[in-house]
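As provided, final.txt (compact mmCIF, C-alpha atoms) reads as follows.
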```txt
# COMPACT_ATOMS: atom_id res chain seq x y z
CA MET A 1 39.01 80.54 113.19
CA ARG A 2 39.30 78.91 109.75
CA GLU A 3 42.16 76.71 108.60
CA ARG A 4 43.85 77.05 105.22
CA GLU A 5 43.88 73.89 103.18
CA GLY A 6 47.04 71.88 103.88
CA ARG A 7 48.23 74.09 106.74
CA GLY A 8 47.20 75.41 110.10
CA TRP A 9 45.83 78.80 111.02
CA CYS A 10 47.59 81.59 112.93
CA GLN A 11 45.67 84.51 114.40
CA VAL A 12 47.07 87.57 116.16
CA VAL A 13 45.13 89.40 118.88
CA VAL A 14 46.17 93.04 119.30
CA GLY A 15 44.98 96.00 121.32
CA CYS A 16 43.82 98.97 119.24
CA GLN A 17 43.73 101.73 121.85
CA TRP A 18 46.03 102.51 124.81
CA GLY A 19 45.96 99.00 126.25
CA ASP A 20 43.56 97.50 128.82
CA GLU A 21 41.07 96.75 126.04
CA GLY A 22 40.14 93.34 127.40
CA LYS A 23 42.56 91.19 125.39
CA GLY A 24 42.79 88.65 128.20
CA LYS A 25 39.06 87.97 128.04
CA VAL A 26 39.13 87.72 124.22
CA VAL A 27 42.14 85.37 124.21
CA ASP A 28 40.49 83.23 126.89
CA VAL A 29 37.37 82.85 124.72
CA LEU A 30 39.38 82.02 121.58
CA ALA A 31 41.89 79.74 123.32
CA GLY A 32 39.40 76.89 123.53
CA ASP A 33 39.62 76.51 119.73
CA VAL A 34 43.43 76.49 119.34
CA ASP A 35 46.42 74.29 120.18
CA ILE A 36 49.00 76.93 121.15
CA VAL A 37 48.67 80.36 122.74
CA ALA A 38 51.86 82.43 122.58
CA ARG A 39 52.73 85.86 123.99
CA TYR A 40 55.04 87.92 121.78
CA GLN A 41 56.13 91.11 123.60
CA GLY A 42 56.06 93.16 126.78
CA GLY A 43 56.63 91.92 130.28
CA ALA A 44 55.12 91.92 133.74
CA ASN A 45 53.67 95.40 133.14
CA ALA A 46 50.75 93.70 131.39
CA GLY A 47 47.74 92.51 133.34
CA HIS A 48 45.07 90.27 131.83
CA THR A 49 42.05 89.69 134.07
CA VAL A 50 40.04 86.56 133.24
CA ARG A 51 36.94 85.33 135.10
CA VAL A 52 36.02 81.66 134.84
CA ARG A 53 32.72 80.98 136.57
CA GLU A 54 33.18 82.61 139.99
CA ARG A 55 37.00 82.52 139.93
CA GLU A 56 39.15 85.47 138.91
CA PHE A 57 42.67 85.13 137.53
CA ILE A 58 45.06 88.02 136.89
CA LEU A 59 47.84 86.99 134.54
CA HIS A 60 50.90 89.13 133.91
CA GLN A 61 53.24 87.01 131.78
CA ILE A 62 51.75 83.56 131.26
CA PRO A 63 49.29 83.53 128.32
CA SER A 64 45.57 83.39 129.11
CA GLY A 65 45.36 80.02 127.37
CA ILE A 66 46.76 78.40 130.51
CA LEU A 67 43.21 78.38 131.93
CA HIS A 68 42.15 75.88 129.23
CA PRO A 69 43.31 72.29 129.85
CA ALA A 70 46.02 70.86 127.59
CA LYS A 71 46.80 74.08 125.70
CA ARG A 72 50.50 74.75 125.11
CA CYS A 73 51.48 78.27 126.27
CA LEU A 74 54.64 79.96 125.01
CA LEU A 75 56.49 83.14 125.94
CA GLY A 76 58.37 84.44 122.92
CA ASN A 77 61.73 86.07 122.38
CA GLY A 78 60.06 89.49 122.16
CA LEU A 79 59.31 89.49 125.89
CA VAL A 80 61.45 90.73 128.73
CA LEU A 81 60.80 87.97 131.25
CA ASP A 82 60.79 88.79 134.96
CA PRO A 83 61.78 85.40 136.45
CA LEU A 84 60.77 86.30 140.02
CA GLN A 85 57.28 87.41 139.05
CA PHE A 86 56.95 84.65 136.45
CA PHE A 87 57.57 81.80 138.87
CA GLU A 88 55.36 83.46 141.49
CA GLU A 89 52.56 83.47 138.90
CA TYR A 90 53.42 79.92 137.81
CA ASP A 91 53.33 78.57 141.37
CA THR A 92 50.14 80.47 142.22
CA LEU A 93 48.34 78.92 139.25
CA ARG A 94 49.52 75.47 140.30
CA ALA A 95 48.37 76.09 143.90
CA ARG A 96 44.94 77.06 142.57
CA GLY A 97 44.59 73.76 140.74
CA ILE A 98 45.65 74.85 137.23
CA GLU A 99 47.88 72.26 135.56
CA VAL A 100 51.00 74.04 134.34
CA GLU A 101 53.68 71.33 134.27
CA GLY A 102 54.80 70.56 130.73
CA ARG A 103 52.48 73.18 129.25
CA VAL A 104 54.62 76.32 129.46
CA GLY A 105 57.65 77.08 127.30
CA VAL A 106 59.96 80.11 127.34
CA SER A 107 62.04 81.19 124.35
CA TRP A 108 65.78 80.66 124.77
CA ARG A 109 66.15 84.07 123.11
CA ALA A 110 63.92 85.98 125.55
CA HIS A 111 65.73 88.60 127.61
CA LEU A 112 65.49 88.63 131.38
CA LEU A 113 64.09 91.52 133.38
CA LEU A 114 66.06 91.53 136.62
CA PRO A 115 65.58 93.22 140.01
CA TYR A 116 67.95 96.05 139.17
CA HIS A 117 65.88 96.96 136.11
CA ARG A 118 62.94 97.77 138.38
CA LEU A 119 65.14 99.98 140.57
CA LEU A 120 66.46 101.84 137.52
CA ASP A 121 62.93 102.31 136.17
CA ARG A 122 61.65 103.87 139.39
CA ALA A 123 64.72 106.06 139.88
CA ALA A 124 64.53 107.40 136.32
CA GLU A 125 60.80 108.14 136.60
CA ASP A 126 61.30 109.89 139.95
CA ARG A 127 63.94 112.17 138.44
CA ALA A 128 62.17 112.88 135.14
CA ALA A 129 60.92 116.41 134.56
CA GLU A 130 58.26 115.05 132.19
CA LYS A 131 57.05 111.76 133.62
CA ILE A 132 55.96 108.95 131.31
CA GLY A 133 53.76 107.28 133.92
CA THR A 134 55.48 103.88 133.78
CA THR A 135 54.37 100.94 135.89
CA GLY A 136 57.80 100.85 137.54
CA ARG A 137 58.20 97.19 136.55
CA GLY A 138 61.56 97.69 134.83
CA ILE A 139 60.35 97.25 131.27
CA GLY A 140 62.17 100.23 129.74
CA PRO A 141 65.59 99.53 131.31
CA ALA A 142 65.37 95.83 130.35
CA TYR A 143 64.69 96.71 126.70
CA GLU A 144 67.43 99.34 126.84
CA GLU A 145 69.96 96.67 127.81
CA LYS A 146 68.63 94.35 125.13
CA VAL A 147 69.09 96.97 122.41
CA GLY A 148 72.42 98.04 123.95
CA ARG A 149 73.61 94.42 123.65
CA ARG A 150 74.21 94.11 127.37
CA GLY A 151 71.15 91.97 128.14
CA ILE A 152 70.96 88.52 129.70
CA ARG A 153 68.92 85.89 127.87
CA VAL A 154 67.28 82.68 129.01
CA VAL A 155 69.92 80.69 127.13
CA ASP A 156 72.62 82.29 129.29
CA ALA A 157 71.12 80.54 132.31
CA ALA A 158 72.14 77.16 130.83
CA ASP A 159 75.74 77.88 131.91
CA PRO A 160 75.75 78.51 135.69
CA GLU A 161 79.14 80.25 135.77
CA ARG A 162 78.34 82.50 132.84
CA PHE A 163 74.92 83.32 134.28
CA SER A 164 76.38 84.25 137.66
CA ALA A 165 79.05 86.45 136.06
CA LEU A 166 76.50 88.24 133.85
CA LEU A 167 74.20 88.89 136.81
CA GLU A 168 77.06 90.28 138.85
CA ALA A 169 78.19 92.56 136.02
CA GLY A 170 74.62 93.77 135.40
CA ALA A 171 74.05 94.53 139.08
CA ALA A 172 77.36 96.41 139.27
CA ARG A 173 76.39 98.57 136.28
CA ALA A 174 73.02 99.27 137.87
CA ARG A 175 74.60 100.33 141.17
CA ARG A 176 76.81 102.84 139.36
CA ARG A 177 73.83 104.27 137.47
CA LEU A 178 71.69 104.45 140.61
CA ALA A 179 74.49 106.21 142.48
CA ALA A 180 74.84 108.72 139.63
CA MET A 181 71.10 109.43 139.91
CA GLY A 182 71.42 109.92 143.67
CA SER A 183 69.26 106.88 144.40
CA THR A 184 69.70 104.76 147.52
CA GLY A 185 67.41 102.05 146.17
CA ALA A 186 70.12 99.41 145.71
CA CYS A 187 69.69 98.14 149.28
CA GLY A 188 68.54 94.51 149.17
CA LEU A 189 69.55 94.10 145.53
CA ASP A 190 71.98 91.26 146.31
CA GLY A 191 69.22 89.19 147.89
CA GLU A 192 66.86 89.52 144.94
CA THR A 193 69.64 88.82 142.45
CA GLY A 194 70.50 85.73 144.48
CA ARG A 195 66.90 84.55 144.15
CA CYS A 196 67.25 84.76 140.36
CA LEU A 197 70.29 82.48 140.58
CA GLU A 198 68.25 80.01 142.61
CA LEU A 199 65.61 79.90 139.86
CA ARG A 200 68.16 79.14 137.14
CA GLU A 201 67.47 75.40 136.84
CA ARG A 202 63.70 75.88 136.78
CA LEU A 203 64.06 78.48 134.04
CA VAL A 204 66.35 76.33 131.91
CA ALA A 205 63.89 73.43 132.16
CA LEU A 206 61.28 75.58 130.36
CA GLY A 207 63.58 76.77 127.56
CA THR A 208 62.42 76.17 123.98
CA ASP A 209 62.60 77.52 120.44
CA THR A 210 59.17 79.16 120.24
CA GLY A 211 59.41 79.83 116.50
CA ARG A 212 60.14 76.21 115.73
CA GLU A 213 57.27 75.02 117.95
CA VAL A 214 54.80 77.34 116.23
CA VAL A 215 55.94 76.46 112.71
CA ASP A 216 55.87 72.73 113.50
CA HIS A 217 52.29 73.00 114.76
CA LEU A 218 51.17 75.03 111.77
CA SER A 219 52.78 72.53 109.41
CA ARG A 220 50.68 69.80 111.02
CA GLY A 221 47.49 71.73 110.39
CA ARG A 222 47.09 72.97 113.95
CA ARG A 223 45.87 76.34 115.18
CA VAL A 224 47.91 79.03 116.92
CA LEU A 225 46.89 82.22 118.71
CA LEU A 226 49.45 84.98 119.27
CA GLU A 227 48.66 87.53 121.97
CA GLY A 228 50.21 90.90 122.60
CA ALA A 229 50.23 93.25 125.56
CA GLN A 230 49.39 96.97 125.79
CA GLY A 231 47.87 98.62 122.69
CA THR A 232 48.64 100.19 119.32
CA ALA A 233 48.88 103.73 120.71
CA LEU A 234 51.61 102.49 123.08
CA ASP A 235 53.75 100.95 120.32
CA ILE A 236 57.33 102.24 120.46
CA ASP A 237 57.21 103.21 116.75
CA HIS A 238 53.54 103.91 116.08
CA GLY A 239 52.23 105.17 119.42
CA THR A 240 52.07 108.52 121.21
CA TYR A 241 55.83 108.78 121.64
CA PRO A 242 57.38 109.30 124.18
CA PHE A 243 54.34 108.20 126.21
CA VAL A 244 54.65 104.62 124.98
CA THR A 245 55.95 101.22 126.04
CA SER A 246 59.34 99.90 124.91
CA SER A 247 58.30 97.25 122.39
CA ASN A 248 56.30 96.76 119.20
CA THR A 249 52.77 96.01 120.36
CA THR A 250 51.38 95.87 116.82
CA ALA A 251 50.73 92.78 114.69
CA ALA A 252 54.08 92.98 112.90
CA GLY A 253 55.73 92.51 116.28
CA ALA A 254 54.00 89.14 116.60
CA ALA A 255 56.15 87.55 113.90
CA THR A 256 59.46 88.88 115.20
CA GLY A 257 58.44 88.37 118.84
CA ILE A 258 57.75 84.65 118.36
CA GLY A 259 60.28 83.83 115.65
CA ILE A 260 58.19 83.15 112.55
CA GLY A 261 57.84 84.76 109.13
CA PRO A 262 55.04 87.30 108.55
CA THR A 263 53.51 85.11 105.83
CA ARG A 264 52.57 82.66 108.60
CA LEU A 265 50.03 85.15 109.99
CA ASP A 266 46.51 84.56 108.67
CA SER A 267 44.30 87.03 110.53
CA VAL A 268 44.53 89.94 112.95
CA LEU A 269 41.77 90.54 115.47
CA GLY A 270 41.78 94.02 116.98
CA VAL A 271 40.39 94.43 120.49
CA VAL A 272 38.68 97.71 121.43
CA LYS A 273 36.58 98.86 124.32
CA ALA A 274 33.18 100.29 123.47
CA TYR A 275 34.66 103.51 124.89
CA THR A 276 38.33 104.45 125.47
CA THR A 277 40.66 104.32 128.47
CA ARG A 278 44.26 105.24 129.16
CA VAL A 279 46.59 104.65 132.12
CA GLY A 280 49.56 106.92 132.74
CA ASN A 281 50.49 110.23 131.22
CA GLY A 282 50.16 111.44 127.65
CA PRO A 283 47.57 112.94 125.29
CA PHE A 284 44.01 111.60 125.32
CA PRO A 285 41.74 113.65 123.00
CA THR A 286 38.37 112.09 123.94
CA GLU A 287 38.92 112.11 127.71
CA PHE A 288 35.78 112.77 129.77
CA GLY A 289 35.31 115.64 132.14
CA PRO A 290 35.62 114.76 135.87
CA ALA A 291 31.98 113.76 136.52
CA MET A 292 31.59 111.44 133.51
CA ASP A 293 35.12 110.12 134.05
CA GLU A 294 34.22 109.00 137.56
CA ARG A 295 30.89 107.56 136.45
CA VAL A 296 32.29 105.37 133.69
CA ARG A 297 35.32 104.36 135.76
CA THR A 298 32.95 103.10 138.45
CA LEU A 299 30.64 101.35 135.96
CA GLY A 300 33.56 99.65 134.21
CA ASN A 301 35.75 99.06 137.29
CA GLU A 302 38.51 100.84 135.44
CA PHE A 303 41.54 100.24 137.61
CA GLY A 304 44.80 98.75 136.34
CA ALA A 305 45.20 95.01 136.86
CA THR A 306 48.95 95.45 137.36
CA THR A 307 49.19 98.66 139.40
CA GLY A 308 45.65 99.34 140.60
CA ARG A 309 45.89 102.86 139.17
CA PRO A 310 42.61 104.46 138.08
CA ARG A 311 42.26 104.54 134.31
CA ARG A 312 41.38 107.74 132.51
CA CYS A 313 38.14 107.26 130.56
CA GLY A 314 36.71 108.83 127.41
CA TRP A 315 34.42 108.41 124.42
CA PHE A 316 35.17 105.93 121.63
CA ASP A 317 37.86 107.40 119.38
CA ALA A 318 37.40 106.14 115.82
CA VAL A 319 40.46 108.10 114.65
CA ILE A 320 42.87 106.05 116.72
CA VAL A 321 41.10 102.75 115.98
CA ARG A 322 41.00 103.49 112.25
CA TYR A 323 44.74 104.16 112.47
CA ALA A 324 45.19 100.89 114.36
CA GLY A 325 43.31 99.14 111.56
CA ARG A 326 45.85 100.36 109.03
CA VAL A 327 48.96 99.76 111.13
CA ASN A 328 47.89 96.24 112.15
CA GLY A 329 46.09 95.17 108.97
CA LEU A 330 43.00 94.26 110.98
CA THR A 331 40.72 91.57 109.60
CA GLY A 332 38.15 91.94 112.40
CA LEU A 333 37.22 93.65 115.66
CA ALA A 334 36.34 92.41 119.13
CA VAL A 335 34.37 95.05 121.05
CA THR A 336 34.52 94.66 124.82
CA LYS A 337 32.59 96.17 127.73
CA LEU A 338 29.54 97.12 125.71
CA ASP A 339 27.49 96.53 128.86
CA VAL A 340 29.28 99.39 130.66
CA LEU A 341 27.36 101.82 128.42
CA ASP A 342 23.93 100.32 129.22
CA THR A 343 22.76 103.18 131.44
CA LEU A 344 23.89 106.10 129.26
CA SER A 345 21.18 108.04 127.44
CA GLU A 346 23.45 109.10 124.57
CA LEU A 347 26.86 108.13 123.23
CA ARG A 348 29.51 110.07 121.38
CA LEU A 349 32.09 108.83 118.87
CA ALA A 350 35.03 110.93 117.70
CA THR A 351 35.12 110.70 113.90
CA ARG A 352 38.00 113.14 113.24
CA TYR A 353 40.20 115.73 114.96
CA ARG A 354 40.33 119.49 114.62
CA LEU A 355 44.00 120.44 114.80
CA PRO A 356 45.52 123.96 114.87
CA GLU A 357 46.44 123.56 111.19
CA GLY A 358 42.99 122.32 110.18
CA GLU A 359 40.57 119.38 110.42
CA THR A 360 41.85 115.86 109.82
CA ALA A 361 40.70 112.27 110.08
CA GLU A 362 44.29 111.04 110.42
CA PHE A 363 46.05 110.12 113.65
CA PRO A 364 48.94 112.62 113.93
CA PRO A 365 52.49 111.33 114.45
CA ASP A 366 53.40 114.34 116.59
CA THR A 367 52.33 114.07 120.21
CA LEU A 368 52.24 117.85 120.56
CA SER A 369 49.65 118.01 117.77
CA LEU A 370 47.63 115.28 119.46
CA GLU A 371 47.66 117.21 122.73
CA ALA A 372 46.12 120.15 120.87
CA ALA A 373 43.58 118.01 119.04
CA GLU A 374 39.90 118.75 119.51
CA PRO A 375 37.73 115.72 118.70
CA VAL A 376 34.83 116.15 116.30
CA TYR A 377 31.95 114.06 117.66
CA GLU A 378 28.96 112.26 116.30
CA THR A 379 26.16 111.52 118.78
CA LEU A 380 24.04 108.36 118.85
CA PRO A 381 21.19 107.46 121.21
CA GLY A 382 21.90 105.07 124.08
CA TRP A 383 19.81 101.94 124.65
CA GLU A 384 19.28 102.25 128.43
CA ARG A 385 18.64 98.52 128.75
CA PRO A 386 20.86 95.72 130.14
CA THR A 387 22.81 93.74 127.55
CA SER A 388 24.64 91.19 129.73
CA ALA A 389 22.19 88.38 128.90
CA ALA A 390 22.63 88.78 125.12
CA ARG A 391 24.25 85.81 123.35
CA ARG A 392 23.26 86.66 119.79
CA LEU A 393 23.45 89.94 117.93
CA SER A 394 19.66 89.95 117.62
CA ASP A 395 19.40 89.89 121.43
CA LEU A 396 20.91 93.37 121.64
CA PRO A 397 18.73 96.50 121.61
CA ALA A 398 18.48 98.17 118.21
CA ALA A 399 20.46 101.20 119.43
CA ALA A 400 23.30 98.94 120.59
CA ARG A 401 23.38 97.21 117.21
CA ARG A 402 23.46 100.58 115.47
CA TYR A 403 26.36 101.68 117.70
CA LEU A 404 28.35 98.59 116.69
CA GLU A 405 27.48 99.12 113.02
CA ARG A 406 28.72 102.69 113.22
CA ILE A 407 32.02 101.52 114.72
CA GLU A 408 32.39 99.10 111.80
CA GLU A 409 31.70 101.88 109.30
CA LEU A 410 34.13 104.33 110.91
CA VAL A 411 36.95 101.83 111.42
CA GLY A 412 36.55 99.80 108.22
CA ALA A 413 36.65 96.36 109.86
CA PRO A 414 33.83 93.96 110.77
CA VAL A 415 32.88 93.26 114.38
CA GLU A 416 33.48 89.55 115.02
CA MET A 417 32.98 89.44 118.77
CA VAL A 418 31.14 91.51 121.38
CA SER A 419 31.73 91.16 125.12
CA VAL A 420 28.78 92.05 127.36
CA GLY A 421 30.22 91.03 130.73
CA SER A 422 33.37 89.96 132.52
CA ARG A 423 32.74 86.20 132.52
CA ARG A 424 33.84 83.74 129.84
CA GLY A 425 30.29 83.02 128.63
CA GLU A 426 29.19 86.64 128.39
CA VAL A 427 30.13 87.08 124.78
CA ILE A 428 28.54 87.25 121.34
CA ARG A 429 30.53 85.60 118.54
CA LEU A 430 29.73 86.69 115.00
CA ALA A 431 32.51 84.84 113.16
```
Write out the structure in this file as structure tokens.
Amino acid sequence: MREREGRGWCQVVVGCQWGDEGKGKVVDVLAGDVDIVARYQGGANAGHTVRVREREFILHQIPSGILHPAKRCLLGNGLVLDPLQFFEEYDTLRARGIEVEGRVGVSWRAHLLLPYHRLLDRAAEDRAAEKIGTTGRGIGPAYEEKVGRRGIRVVDAADPERFSALLEAGAARARRRLAAMGSTGACGLDGETGRCLELRERLVALGTDTGREVVDHLSRGRRVLLEGAQGTALDIDHGTYPFVTSSNTTAAGAATGIGIGPTRLDSVLGVVKAYTTRVGNGPFPTEFGPAMDERVRTLGNEFGATTGRPRRCGWFDAVIVRYAGRVNGLTGLAVTKLDVLDTLSELRLATRYRLPEGETAEFPPDTLSLEAAEPVYETLPGWERPTSAARRLSDLPAAARRYLERIEELVGAPVEMVSVGSRRGEVIRLA
């Protein structure tokens, strides 16, 4: 990470597929070189798994930088913060010997995801004729209330009477909606809402202006890393709508989700798996058949960190990653899980799609067209040798290097990092 003369350096890390690309591992590796790590969107539906030596940490809302001593970790206004899950995660880290006091800040402008949002999410998914495949964590309903101007923000917790009244009004609205949907899930809601009231003072103590903090650090020549959740194909505007999340996962969302101007962003690192995965419903052109799906899922341990759901697996899709390059303005790529492909004799990359109206190399905006897309593949030989011990590009087999080069050519962005294992040190850095 370079610094511009007279100012700091701000890098964004984004997912370029359907999420679960390994952003947590990449952020953990990069966090050692920065002063602030800030999360800019999403909520507790994200799950970043990071392995440090023999210890495994699964982080849902707190940025991965928390595992590096003395790094400041911020949660921006673009998040919907689940206070119950957040403080459970916070206290678990502290119990495991991670110093968190004074290191975590939460935007005053961040909206709260409350217990009734989770109930509404599950009830709506249960009733839907065409299911999205949500995590059931309440993300959609929380963003709905934010956009509908009925949300509750962290700053509201500073006034105990106002906070209590807003919680009561929100819970009452939720009960009416749940009753209209024929749901009986509101049992126990009062207790969970009461727990949120009990956390009020702890939450207020963490309140901050994340945009001001980031700008102040950059003005002092310091380095900032902004991390997103999910992936480009799940972006509310640019993804496979309606099978998407409820926020802007792309790099432009980093500026609005933290509270800084876009000219403060210096580089955008796109994270991709060496193959492709997807959790939940929706189109997936390069999805494997059942046998290969099971094989790669087992090799890559492809189960969701948040829900435990098995991920759907498929070949590397250069069409979607090339699209992600344009939408995000990628300056580089981090390729993860290259080692998962070590035993395969040949590899396929989708270079374009064949649609009913003709062949195209563009990612279609219409989900129906994407469901009908037939990928056009290019085949490369596998390397059939372990790569987990590689620490330099020259350590990789020639076929693995050629595979990475072909990804660069197809996507139009240089590979700056390659992950060859789940641990912090199992990585090749090229920039």
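Nearest residue to Arg153 (chain A), choosing from A:Glu101, A:Asp235, A:Asp266, A:Asp82 and counting only C-alpha atoms: A:Asp82.
For the residues A:Ala142, A:Leu113, A:Leu234, A:Ile320, ranking by smallest atom-to-atom distance to Leu370 (chain A) using only C-alpha atoms places A:Ile320 first.
Of the listed residues (A:His117, A:Arg424, A:Arg402, A:His217), A:His117 comes nearest to Gly170 (chain A); the distances count all atoms listed in the file.
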Open item on the list: For a test of reading the model, state the distance in Å between CA of Gly332 (chain A) and CA of Glu408 (chain A), rounded to one decimal.
Closed with: 9.2 Å
Open item on the list: Just want the 10 Å neighbourhood of Glu405 (chain A), counted on only C-alpha atoms, with same-chain residues fewer than 5 positions away dropped. Output as a list of chain:residue names.
Closed with: A:Ala399, A:Ala400, A:Leu410, A:Val411, A:Pro414, A:Val415
Open item on the list: Would you pick out the contacts of Leu199 (chain A) at 10 Å or less, using only C-alpha atoms, so that residues sharing its chain but fewer than 2 positions from it are not included, and give the list as an MDAnalysis selection string?
Closed with: chainID A and resid 83:84 87 157 194:197 201:204
- [ ] Find the residues around Val26 (chain A) up to 9 Å (only C-alpha atoms counted), leave out those fewer than 4 positions away in its own chain, and share them as JSON, numbers by chain.
- [x] {"A": [13, 22, 30, 31, 271, 334, 336, 417, 419, 424]}
TODO: Please work out which residues fall within 10 Å of (41.0, 104.0, 136.4), coordinates as given in the file, with only C-alpha atoms counting, and return them as an MDAnalysis selection string.
DONE: chainID A and resid 277:280 293:294 296:298 300:305 308:313
Open item on the list: Need to verify the contact set: Tyr143 (chain A), 10 Å, only C-alpha atoms, exclusion of same-chain residues closer than 5 positions in sequence. Can you return it as an MDAnalysis selection string?
Closed with: chainID A and resid 42 78:80 111:113 117 138 148:151 245:247
Task: Arg55 (chain A) environment, 12 Å, only C-alpha atoms, sequence neighbours closer than 6 positions dropped, as a PyMOL selection string - done: chain A and resi 49+67+93+96-98+422-424
Residue list as a PDB file with C-alpha atoms, in the frame of the given file for point (57.5, 100.3, 138.7), cut-off 12 Å, all atoms listed in the file:
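The resulting file, point03.pdb, is reproduced below:
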```
ATOM      1  CA  GLY A  43      56.630  91.920 130.280  1.00  0.00           C
ATOM      2  CA  ALA A  44      55.120  91.920 133.740  1.00  0.00           C
ATOM      3  CA  ASN A  45      53.670  95.400 133.140  1.00  0.00           C
ATOM      4  CA  ALA A  46      50.750  93.700 131.390  1.00  0.00           C
ATOM      5  CA  PRO A 115      65.580  93.220 140.010  1.00  0.00           C
ATOM      6  CA  TYR A 116      67.950  96.050 139.170  1.00  0.00           C
ATOM      7  CA  HIS A 117      65.880  96.960 136.110  1.00  0.00           C
ATOM      8  CA  ARG A 118      62.940  97.770 138.380  1.00  0.00           C
ATOM      9  CA  LEU A 119      65.140  99.980 140.570  1.00  0.00           C
ATOM     10  CA  LEU A 120      66.460 101.840 137.520  1.00  0.00           C
ATOM     11  CA  ASP A 121      62.930 102.310 136.170  1.00  0.00           C
ATOM     12  CA  ARG A 122      61.650 103.870 139.390  1.00  0.00           C
ATOM     13  CA  ALA A 123      64.720 106.060 139.880  1.00  0.00           C
ATOM     14  CA  ALA A 124      64.530 107.400 136.320  1.00  0.00           C
ATOM     15  CA  GLU A 125      60.800 108.140 136.600  1.00  0.00           C
ATOM     16  CA  ASP A 126      61.300 109.890 139.950  1.00  0.00           C
ATOM     17  CA  ILE A 132      55.960 108.950 131.310  1.00  0.00           C
ATOM     18  CA  GLY A 133      53.760 107.280 133.920  1.00  0.00           C
ATOM     19  CA  THR A 134      55.480 103.880 133.780  1.00  0.00           C
ATOM     20  CA  THR A 135      54.370 100.940 135.890  1.00  0.00           C
ATOM     21  CA  GLY A 136      57.800 100.850 137.540  1.00  0.00           C
ATOM     22  CA  ARG A 137      58.200  97.190 136.550  1.00  0.00           C
ATOM     23  CA  GLY A 138      61.560  97.690 134.830  1.00  0.00           C
ATOM     24  CA  ILE A 139      60.350  97.250 131.270  1.00  0.00           C
ATOM     25  CA  GLY A 140      62.170 100.230 129.740  1.00  0.00           C
ATOM     26  CA  PRO A 141      65.590  99.530 131.310  1.00  0.00           C
ATOM     27  CA  GLY A 280      49.560 106.920 132.740  1.00  0.00           C
ATOM     28  CA  THR A 306      48.950  95.450 137.360  1.00  0.00           C
ATOM     29  CA  THR A 307      49.190  98.660 139.400  1.00  0.00           C
ATOM     30  CA  ARG A 309      45.890 102.860 139.170  1.00  0.00           C
TER      31      ARG A 309
END
```
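Taking CA of Leu333 (chain A) as the reference point, CA of Ala70 (chain A) is found at 27.2 Å.
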Open item on the list: Considering only C-alpha atoms, can you say which of A:Ser394, A:Thr286, A:Val420, A:Gly314 comes closest to Ala373 (chain A)?
Closed with: A:Thr286
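Note that CA of Phe316 (chain A) and CA of Ala254 (chain A) are 25.7 Å apart.
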Task: Selected residue of minimal separation from His238 (chain A) among A:Ala252, A:Val50, A:Leu178, A:Leu344, counting all atoms listed in the file - done: A:Ala252
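Each of A:Pro365, A:Gly8, A:Pro63, A:Pro397 was compared to Thr240 (chain A) using all atoms listed in the file, and A:Pro365 turns out to be the nearest.
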Please, could N, CA, C and O atoms be added to region 292-299 of chain A and the result written as an mmCIF file, in the coordinates of the input?
```
data_model
loop_
_atom_site.group_PDB
_atom_site.id
_atom_site.type_symbol
_atom_site.label_atom_id
_atom_site.label_comp_id
_atom_site.auth_asym_id
_atom_site.auth_seq_id
_atom_site.Cartn_x
_atom_site.Cartn_y
_atom_site.Cartn_z
ATOM 1 N N MET A 292 31.794 112.608 134.364
ATOM 2 C CA MET A 292 31.590 111.440 133.510
ATOM 3 C C MET A 292 32.751 110.456 133.645
ATOM 4 O O MET A 292 32.557 109.235 133.595
ATOM 5 N N ASP A 293 33.950 110.967 133.843
ATOM 6 C CA ASP A 293 35.120 110.120 134.050
ATOM 7 C C ASP A 293 34.898 109.203 135.252
ATOM 8 O O ASP A 293 35.108 107.985 135.178
ATOM 9 N N GLU A 294 34.459 109.781 136.339
ATOM 10 C CA GLU A 294 34.220 109.000 137.560
ATOM 11 C C GLU A 294 33.068 108.022 137.370
ATOM 12 O O GLU A 294 33.124 106.875 137.833
ATOM 13 N N ARG A 295 32.048 108.430 136.659
ATOM 14 C CA ARG A 295 30.890 107.560 136.450
ATOM 15 C C ARG A 295 31.256 106.316 135.661
ATOM 16 O O ARG A 295 30.949 105.195 136.064
ATOM 17 N N VAL A 296 31.938 106.507 134.532
ATOM 18 C CA VAL A 296 32.290 105.370 133.690
ATOM 19 C C VAL A 296 33.367 104.515 134.351
ATOM 20 O O VAL A 296 33.345 103.284 134.246
ATOM 21 N N ARG A 297 34.304 105.139 135.052
ATOM 22 C CA ARG A 297 35.320 104.360 135.760
ATOM 23 C C ARG A 297 34.674 103.438 136.783
ATOM 24 O O ARG A 297 35.072 102.274 136.936
ATOM 25 N N THR A 298 33.650 103.930 137.470
ATOM 26 C CA THR A 298 32.950 103.100 138.450
ATOM 27 C C THR A 298 32.145 101.996 137.770
ATOM 28 O O THR A 298 32.181 100.836 138.185
ATOM 29 N N LEU A 299 31.429 102.345 136.689
ATOM 30 C CA LEU A 299 30.640 101.350 135.960
ATOM 31 C C LEU A 299 31.513 100.237 135.387
ATOM 32 O O LEU A 299 31.153 99.055 135.414
#
```
